[in-house]
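**Q** Provided herewith: run.cif, mmCIF, C-alpha atoms.
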data_structure
loop_
_atom_site.label_atom_id
_atom_site.label_comp_id
_atom_site.auth_asym_id
_atom_site.auth_seq_id
_atom_site.Cartn_x
_atom_site.Cartn_y
_atom_site.Cartn_z
CA MET A 1 -21.86 2.48 -1.80
CA GLY A 2 -21.12 -0.96 -3.21
CA ALA A 3 -21.72 -4.30 -1.58
CA SER A 4 -20.48 -4.80 1.99
CA LEU A 5 -18.99 -7.80 3.77
CA THR A 6 -20.51 -10.10 6.39
CA PRO A 7 -18.42 -11.36 9.32
CA ALA A 8 -18.19 -14.72 7.54
CA ASP A 9 -16.92 -12.97 4.38
CA ILE A 10 -14.26 -11.12 6.37
CA ALA A 11 -13.07 -14.33 8.03
CA ALA A 12 -12.86 -16.11 4.68
CA TYR A 13 -10.96 -13.26 3.04
CA ARG A 14 -8.47 -13.09 5.90
CA ILE A 15 -7.68 -16.77 5.39
CA PHE A 16 -7.38 -16.24 1.65
CA LEU A 17 -5.04 -13.26 2.11
CA ASP A 18 -2.80 -15.48 4.24
CA GLN A 19 -2.73 -17.98 1.39
CA LEU A 20 -1.85 -15.28 -1.15
CA ALA A 21 0.93 -13.97 1.08
CA GLU A 22 2.47 -17.41 1.46
CA ALA A 23 2.26 -18.07 -2.28
CA ALA A 24 3.91 -14.75 -3.15
CA ALA A 25 6.64 -15.22 -0.54
CA GLU A 26 7.61 -18.51 -2.15
CA VAL A 27 8.63 -16.40 -5.16
CA THR A 28 9.98 -13.22 -3.55
CA LEU A 29 11.99 -14.53 -0.60
CA PRO A 30 14.35 -16.88 -2.49
CA LEU A 31 15.28 -14.00 -4.82
CA PHE A 32 15.67 -11.34 -2.13
CA LYS A 33 19.27 -10.34 -1.34
CA ARG A 34 20.42 -12.20 -4.46
CA PRO A 35 21.83 -10.87 -7.74
CA LEU A 36 18.90 -9.98 -9.99
CA ASP A 37 18.34 -8.93 -13.57
CA VAL A 38 16.51 -5.61 -13.38
CA VAL A 39 14.54 -4.20 -16.31
CA ASN A 40 13.70 -0.51 -16.65
CA LYS A 41 9.99 -0.14 -17.50
CA GLY A 42 10.56 3.47 -18.54
CA ARG A 43 9.80 6.97 -17.34
CA LYS A 44 7.64 7.57 -14.25
CA LEU A 45 7.05 11.07 -12.92
CA ASP A 46 10.30 12.89 -13.74
CA ILE A 47 12.51 9.84 -13.34
CA ASP A 48 13.85 7.81 -16.26
CA TYR A 49 13.99 4.66 -14.17
CA ASP A 50 11.10 2.43 -13.09
CA PRO A 51 12.56 -0.97 -12.22
CA VAL A 52 10.91 -4.38 -12.41
CA THR A 53 12.34 -7.81 -11.65
CA GLU A 54 11.45 -11.44 -12.25
CA ALA A 55 10.25 -11.54 -8.65
CA ASP A 56 7.66 -8.79 -9.29
CA GLN A 57 6.32 -10.45 -12.40
CA GLN A 58 6.27 -14.03 -11.18
CA ALA A 59 4.78 -13.18 -7.79
CA GLU A 60 1.87 -11.38 -9.46
CA LYS A 61 1.29 -14.35 -11.76
CA VAL A 62 1.08 -16.69 -8.77
CA ILE A 63 -1.35 -14.39 -6.93
CA ARG A 64 -3.54 -14.15 -10.04
CA GLN A 65 -3.62 -17.93 -10.39
CA HIS A 66 -4.89 -18.31 -6.82
CA ILE A 67 -7.54 -15.62 -7.26
CA ASN A 68 -8.82 -17.07 -10.53
CA ALA A 69 -9.02 -20.52 -9.00
CA THR A 70 -10.88 -19.38 -5.86
CA TYR A 71 -12.89 -16.36 -7.03
CA PRO A 72 -13.27 -16.81 -10.80
CA THR A 73 -15.96 -14.09 -11.10
CA HIS A 74 -13.79 -11.41 -9.48
CA ASN A 75 -11.82 -8.85 -11.47
CA ILE A 76 -8.08 -8.31 -11.05
CA LEU A 77 -5.94 -5.19 -11.43
CA GLY A 78 -2.19 -5.57 -11.02
CA GLU A 79 0.86 -3.41 -11.54
CA GLU A 80 2.70 -5.88 -13.73
CA TRP A 81 -0.01 -7.57 -15.80
CA GLY A 82 -2.79 -5.00 -15.94
CA ALA A 83 -6.56 -5.42 -15.73
CA GLU A 84 -8.56 -8.63 -16.05
CA THR A 85 -12.37 -8.46 -16.16
CA ASN A 86 -14.22 -11.57 -15.00
CA CYS A 87 -17.49 -10.34 -13.46
CA ALA A 88 -20.69 -9.79 -15.42
CA ALA A 89 -21.84 -6.24 -16.12
CA ASP A 90 -24.77 -6.55 -13.71
CA GLU A 91 -22.70 -7.94 -10.81
CA THR A 92 -20.83 -6.15 -8.03
CA PRO A 93 -17.41 -5.43 -9.55
CA TRP A 94 -15.36 -7.13 -6.85
CA THR A 95 -11.76 -6.39 -7.83
CA TRP A 96 -8.48 -7.61 -6.40
CA VAL A 97 -5.81 -4.92 -6.66
CA LEU A 98 -2.23 -6.19 -6.58
CA ASP A 99 1.26 -4.82 -6.16
CA PRO A 100 3.44 -7.93 -5.85
CA ILE A 101 6.45 -5.93 -4.64
CA ASP A 102 5.70 -2.39 -3.57
CA GLY A 103 9.15 -0.88 -3.13
CA THR A 104 11.05 -2.65 -5.91
CA ARG A 105 13.94 -0.23 -5.46
CA ALA A 106 14.26 -1.32 -1.82
CA TYR A 107 13.94 -4.96 -2.89
CA ILE A 108 16.83 -4.78 -5.37
CA CYS A 109 18.93 -2.93 -2.76
CA GLY A 110 18.39 -5.68 -0.18
CA ILE A 111 16.38 -3.41 2.16
CA PRO A 112 13.29 -5.04 3.75
CA THR A 113 10.87 -2.10 3.52
CA TRP A 114 9.13 -3.56 0.45
CA GLY A 115 5.89 -5.48 0.74
CA THR A 116 3.33 -7.52 -1.17
CA LEU A 117 0.11 -5.51 -1.35
CA VAL A 118 -3.32 -7.04 -2.00
CA ALA A 119 -6.69 -5.29 -1.71
CA LEU A 120 -10.28 -6.24 -2.44
CA ASN A 121 -12.65 -3.45 -3.44
CA ASN A 122 -16.34 -3.41 -4.33
CA GLY A 123 -16.14 -0.69 -6.95
CA THR A 124 -16.30 2.20 -4.49
CA GLN A 125 -14.27 1.14 -1.42
CA ALA A 126 -11.25 -0.97 -0.57
CA LEU A 127 -12.76 -3.20 2.12
CA VAL A 128 -9.90 -5.54 3.01
CA GLY A 129 -6.19 -5.11 2.46
CA MET A 130 -2.90 -6.83 3.19
CA LEU A 131 0.72 -5.79 3.40
CA ASP A 132 3.02 -8.79 3.78
CA GLN A 133 6.72 -8.31 4.55
CA PRO A 134 7.91 -11.92 4.56
CA TYR A 135 11.58 -11.25 5.32
CA LEU A 136 10.60 -9.53 8.59
CA LYS A 137 7.74 -12.01 9.07
CA GLU A 138 5.23 -9.18 9.43
CA ARG A 139 1.77 -9.48 7.91
CA TYR A 140 -0.65 -6.57 8.24
CA ILE A 141 -4.31 -7.15 7.38
CA GLY A 142 -6.97 -4.46 7.49
CA THR A 143 -10.71 -5.20 7.64
CA PRO A 144 -13.94 -3.44 8.64
CA ASN A 145 -13.50 -5.20 12.01
CA GLY A 146 -10.04 -3.78 12.69
CA SER A 147 -6.43 -4.14 11.61
CA PHE A 148 -4.04 -6.88 12.64
CA LEU A 149 -0.32 -7.63 12.69
CA ASN A 150 0.24 -11.38 12.62
CA GLY A 151 -3.25 -11.84 14.05
CA GLU A 152 -2.90 -9.31 16.89
CA LYS A 153 -4.99 -6.14 16.77
CA ILE A 154 -3.11 -2.89 16.20
CA THR A 155 -4.08 0.78 16.52
CA CYS A 156 -2.67 4.10 15.43
CA ARG A 157 -0.96 6.35 17.96
CA PRO A 158 -3.43 8.95 19.35
CA CYS A 159 -1.41 11.92 18.07
CA THR A 160 -3.52 15.03 17.47
CA ASP A 161 -0.81 17.71 17.19
CA LEU A 162 1.53 17.96 14.20
CA THR A 163 4.27 19.45 16.36
CA GLN A 164 4.38 16.11 18.22
CA ALA A 165 4.11 13.95 15.09
CA THR A 166 6.46 11.83 13.04
CA VAL A 167 6.03 12.41 9.29
CA SER A 168 7.28 10.30 6.41
CA THR A 169 7.39 10.06 2.62
CA THR A 170 9.21 7.67 0.33
CA ASP A 171 11.45 10.22 -1.42
CA PRO A 172 10.95 13.98 -1.01
CA THR A 173 13.28 14.81 -3.89
CA GLN A 174 12.10 12.46 -6.66
CA PHE A 175 8.68 10.97 -6.03
CA PHE A 176 6.47 14.05 -5.89
CA ALA A 177 4.70 14.90 -9.12
CA THR A 178 5.50 18.64 -9.12
CA ASP A 179 7.63 21.24 -7.34
CA LYS A 180 4.39 22.56 -5.85
CA ASP A 181 3.82 19.13 -4.25
CA VAL A 182 7.35 19.19 -2.82
CA ALA A 183 6.70 22.60 -1.29
CA ALA A 184 3.43 21.35 0.22
CA PHE A 185 5.18 18.37 1.82
CA ASN A 186 7.89 20.67 3.19
CA ARG A 187 5.25 22.86 4.86
CA VAL A 188 4.06 19.82 6.82
CA ALA A 189 7.53 18.40 7.49
CA GLY A 190 8.71 21.78 8.74
CA LYS A 191 6.20 21.68 11.60
CA ALA A 192 6.66 18.00 12.56
CA ARG A 193 8.67 16.80 15.54
CA LEU A 194 10.46 14.14 13.48
CA VAL A 195 10.77 13.30 9.77
CA ARG A 196 11.92 9.87 8.54
CA ASN A 197 11.79 9.04 4.84
CA GLY A 198 12.38 6.17 2.46
CA TYR A 199 10.12 3.36 3.65
CA ASP A 200 7.70 2.77 0.73
CA CYS A 201 4.58 0.89 1.87
CA TYR A 202 6.18 0.01 5.21
CA ALA A 203 5.67 3.58 6.45
CA TYR A 204 1.90 3.09 6.23
CA ALA A 205 2.20 -0.09 8.28
CA MET A 206 4.03 1.92 10.91
CA VAL A 207 1.16 4.43 11.03
CA ALA A 208 -1.28 1.57 11.67
CA ALA A 209 1.05 0.05 14.28
CA GLY A 210 1.48 3.35 16.17
CA PHE A 211 5.06 4.36 15.34
CA ILE A 212 4.64 6.96 12.56
CA ASP A 213 1.82 9.51 12.49
CA VAL A 214 1.63 10.87 8.92
CA VAL A 215 2.60 9.61 5.46
CA ILE A 216 2.38 11.95 2.47
CA GLU A 217 2.84 10.88 -1.15
CA SER A 218 2.13 12.16 -4.65
CA GLY A 219 1.80 10.39 -7.98
CA LEU A 220 0.63 7.03 -6.63
CA GLU A 221 -1.33 4.45 -8.63
CA ALA A 222 -4.39 2.52 -7.41
CA TYR A 223 -2.28 -0.57 -6.71
CA ASP A 224 0.11 1.50 -4.55
CA ILE A 225 -2.55 2.56 -2.05
CA GLN A 226 -5.69 0.42 -2.06
CA ALA A 227 -4.34 -2.34 0.19
CA LEU A 228 -3.11 0.24 2.68
CA ILE A 229 -6.44 2.06 3.08
CA PRO A 230 -8.18 -0.70 5.11
CA ILE A 231 -5.04 -1.22 7.20
CA ILE A 232 -4.85 2.45 8.21
CA GLU A 233 -8.61 2.91 8.64
CA GLY A 234 -9.03 -0.36 10.53
CA ALA A 235 -6.43 0.89 13.01
CA GLY A 236 -8.33 4.14 13.56
CA GLY A 237 -6.49 6.34 11.08
CA VAL A 238 -7.61 8.38 8.07
CA VAL A 239 -6.59 8.15 4.40
CA SER A 240 -7.58 10.65 1.71
CA ASP A 241 -6.22 12.74 -1.10
CA TRP A 242 -4.83 16.19 -0.32
CA ARG A 243 -8.34 17.69 -0.58
CA GLY A 244 -9.81 15.20 1.89
CA GLU A 245 -11.54 13.15 -0.81
CA SER A 246 -11.37 9.51 -1.92
CA VAL A 247 -7.96 8.25 -2.92
CA LEU A 248 -9.05 4.89 -4.35
CA GLN A 249 -7.39 5.62 -7.69
CA GLY A 250 -4.16 6.98 -6.24
CA GLY A 251 -2.68 10.41 -6.92
CA GLN A 252 -1.92 12.68 -3.97
CA VAL A 253 -2.20 10.64 -0.76
CA VAL A 254 -2.08 11.50 2.92
CA ALA A 255 -2.53 8.98 5.74
CA SER A 256 -2.81 10.20 9.32
CA ALA A 257 -3.11 8.56 12.73
CA THR A 258 -6.13 10.63 13.86
CA PRO A 259 -8.84 12.80 12.26
CA GLU A 260 -7.59 15.86 14.17
CA LEU A 261 -4.07 15.43 12.88
CA HIS A 262 -5.37 14.77 9.37
CA GLN A 263 -7.16 18.11 9.28
CA GLN A 264 -4.01 19.96 10.34
CA VAL A 265 -2.03 18.25 7.59
CA LEU A 266 -4.69 18.90 4.93
CA SER A 267 -4.70 22.61 5.79
CA LEU A 268 -0.95 22.85 5.25
CA LEU A 269 -0.98 20.75 2.07
CA GLN A 270 -3.63 23.04 0.59
CA GLY A 271 -1.51 26.07 1.44
#
Can you present the structure in this file as structure tokens?
**A**
Amino acid sequence: MGASLTPADIAAYRIFLDQLAEAAAEVTLPLFKRPLDVVNKGRKLDIDYDPVTEADQQAEKVIRQHINATYPTHNILGEEWGAETNCAADETPWTWVLDPIDGTRAYICGIPTWGTLVALNNGTQALVGMLDQPYLKERYIGTPNGSFLNGEKITCRPCTDLTQATVSTTDPTQFFATDKDVAAFNRVAGKARLVRNGYDCYAYAMVAAGFIDVVIESGLEAYDIQALIPIIEGAGGVVSDWRGESVLQGGQVVASATPELHQQVLSLLQG
């Protein structure tokens, strides 16, 4: 285990996450639902299209500037501008993990299921995380003391039976790494009461808020998931890879509302 957080640390980081969200929104909101130049970063999974916009790049730059000014000895890992090492080798490797616009495809389509994701990890755990959806004015923050939507505590729905659950993924046809992963998702979806797809990071927020019960993804990066781990876990849910192990570095991800439901889903994913 790496270093932990005191109550004073948690309070300070919550204030700082609010500041980062406001700074990023000053970039992303004026460009949302406007004509944008979109650049294709290249191939990702089996898709020859991985879009990025000026909003992605500039929002991450602004977040980095705030972090470097406030926590100059902390590392940074971001989707658009890579890794930045600032801590000494003998120090706790506090690292801010950034996805300035998770759901760029939704962003360029004018759909408000994208979010700004920011996490802080200590080298082994993501301890605090934020998902900010500024167009909807929804800010989710997860901490060791619970998860919050606009300052009000939230909890997962107490669903323990997959046949009563709502299951989601971003795109069941394109965003799974292999056909085997698609088949595994379909085994779970086939037993669920309801399946609703296409929500990017926002689906995880809905698990924490008690409206969706399971999210399953494959081929994620660290910056896609780290901010969402404290939000789900702080609301009482569970996040792991498909084997039930740490998902800090991304890959195959499953987030569930309860431990009982999580075990049912893992069994089906493993076939």
**Q** Applied to this file, what does the PyMOL selection byres ((chain A and resi 121) around 10) return in terms of residues, put as a count of residues only?
**A** 23
**Q** Using atom CA of Tyr202 of chain A and atom CA of Gly250 of chain A as the two end points, give the distance in Å to one decimal.
**A**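 Distance reported for this atom pair: 16.9 Å.
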**Q** Excluding same-chain residues fewer than 2 positions from Gly237 of chain A, what lies within 12 Å of it counting all atoms listed in the file, as a VMD selection string?
**A** chain A and resid 142 146 to 147 154 to 160 204 to 210 212 to 215 228 to 235 239 to 240 254 to 263
**Q** Tell me, as a list in words, which residues lie within 9 Å of Gly115 of chain A, counting all atoms listed in the file; anything in the same chain fewer than 4 positions away does not count.
**A**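 Contacts, with the query itself left out: Asp99, Pro100, Ile101, Asp102, Gly103, Thr104, Tyr107, Leu131, Asp132, Gln133, Pro134, Asp200, Cys201 and Tyr202 of chain A.
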**Q** Would you mind exporting the chosen residues as an mmCIF file, in the frame of the given file, restricted to C-alpha atoms?
**A**
data_model
loop_
_atom_site.group_PDB
_atom_site.id
_atom_site.type_symbol
_atom_site.label_atom_id
_atom_site.label_comp_id
_atom_site.auth_asym_id
_atom_site.auth_seq_id
_atom_site.Cartn_x
_atom_site.Cartn_y
_atom_site.Cartn_z
ATOM 1 C CA ASP A 99 1.260 -4.820 -6.160
ATOM 2 C CA PRO A 100 3.440 -7.930 -5.850
ATOM 3 C CA ILE A 101 6.450 -5.930 -4.640
ATOM 4 C CA ASP A 102 5.700 -2.390 -3.570
ATOM 5 C CA GLY A 103 9.150 -0.880 -3.130
ATOM 6 C CA THR A 104 11.050 -2.650 -5.910
ATOM 7 C CA TYR A 107 13.940 -4.960 -2.890
ATOM 8 C CA LEU A 131 0.720 -5.790 3.400
ATOM 9 C CA ASP A 132 3.020 -8.790 3.780
ATOM 10 C CA GLN A 133 6.720 -8.310 4.550
ATOM 11 C CA PRO A 134 7.910 -11.920 4.560
ATOM 12 C CA ASP A 200 7.700 2.770 0.730
ATOM 13 C CA CYS A 201 4.580 0.890 1.870
ATOM 14 C CA TYR A 202 6.180 0.010 5.210
#
**Q** Assuming the chain letters and numbering stay as they are in my file, what does the PyMOL selection byres ((chain A and resi 169-173) around 9) actually select? List them as a ChimeraX atom specification.
**A** /A:167-168,174-176,182,185-186,195-201,203,214-217
**Q** Quick one, how far is atom CA of Trp242 of chain A from atom CA of Asp224 of chain A?
**A** 16.1 Å
**Q** Could you tell me how far atom CA of Glu80 of chain A sits from atom CA of Glu60 of chain A, in Å to one decimal place?
**A**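 Value for the atom CA of Glu60 of chain A-atom CA of Glu80 of chain A distance: 7.0 Å.
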**Q** Around (3.2, 21.7, -0.5) in the file's frame, which residues reach within 8 Å when counting only C-alpha atoms? Return as a list in words?
**A**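 Those residues lying close to the given coordinates are Lys180, Asp181, Val182, Ala183, Ala184, Phe185, Asn186, Arg187, Val188, Leu268, Leu269, Gln270 and Gly271 of chain A.
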**Q** Which residue is closest to Tyr135 of chain A? Choose from A:Leu220, A:Leu149, A:Ile111, A:Leu17 and count all atoms listed in the file.
**A**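 Going through A:Leu220, A:Leu149, A:Ile111, A:Leu17 one by one, the smallest distance to Tyr135 of chain A is for A:Ile111.
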**Q** Taking all atoms listed in the file into account, which of A:Gly82, A:Pro51, A:Pro144, A:Gly42 comes nearest Asp9 of chain A?
**A**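 Going through A:Gly82, A:Pro51, A:Pro144, A:Gly42 one by one, the smallest distance to Asp9 of chain A is for A:Pro144.
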**Q** Around all of segment 140-147 of chain A's listed atoms, make the axis-aligned box with 6 Å on each side and tell me centre and edge lengths in Å to one decimal, as JSON.
**A**
{"center_x": -7.3, "center_y": -5.3, "center_z": 10.0, "size_x": 25.3, "size_y": 15.7, "size_z": 17.3}
**Q** Could you give me, as a list in words, the residues that have an atom at most 12 Å away from the point (-14.5, -15.0, -12.7) in the coordinates of the file, using all atoms listed in the file?
**A**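 Residues with an atom close enough to that point: Arg64, Gln65, His66, Ile67, Asn68, Ala69, Thr70, Tyr71, Pro72, Thr73, His74, Asn75, Ile76, Glu84, Thr85, Asn86, Cys87, Ala88, Ala89, Glu91, Thr92, Pro93, Trp94, Thr95 and Trp96 of chain A.
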**Q** Which residue out of A:Gln264, A:Asn145, A:Ser218, A:Gln58 has the minimum interatomic distance to Glu26 of chain A when only C-alpha atoms are used?
**A**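 For Glu26 of chain A, the nearest of the given residues is A:Gln58.
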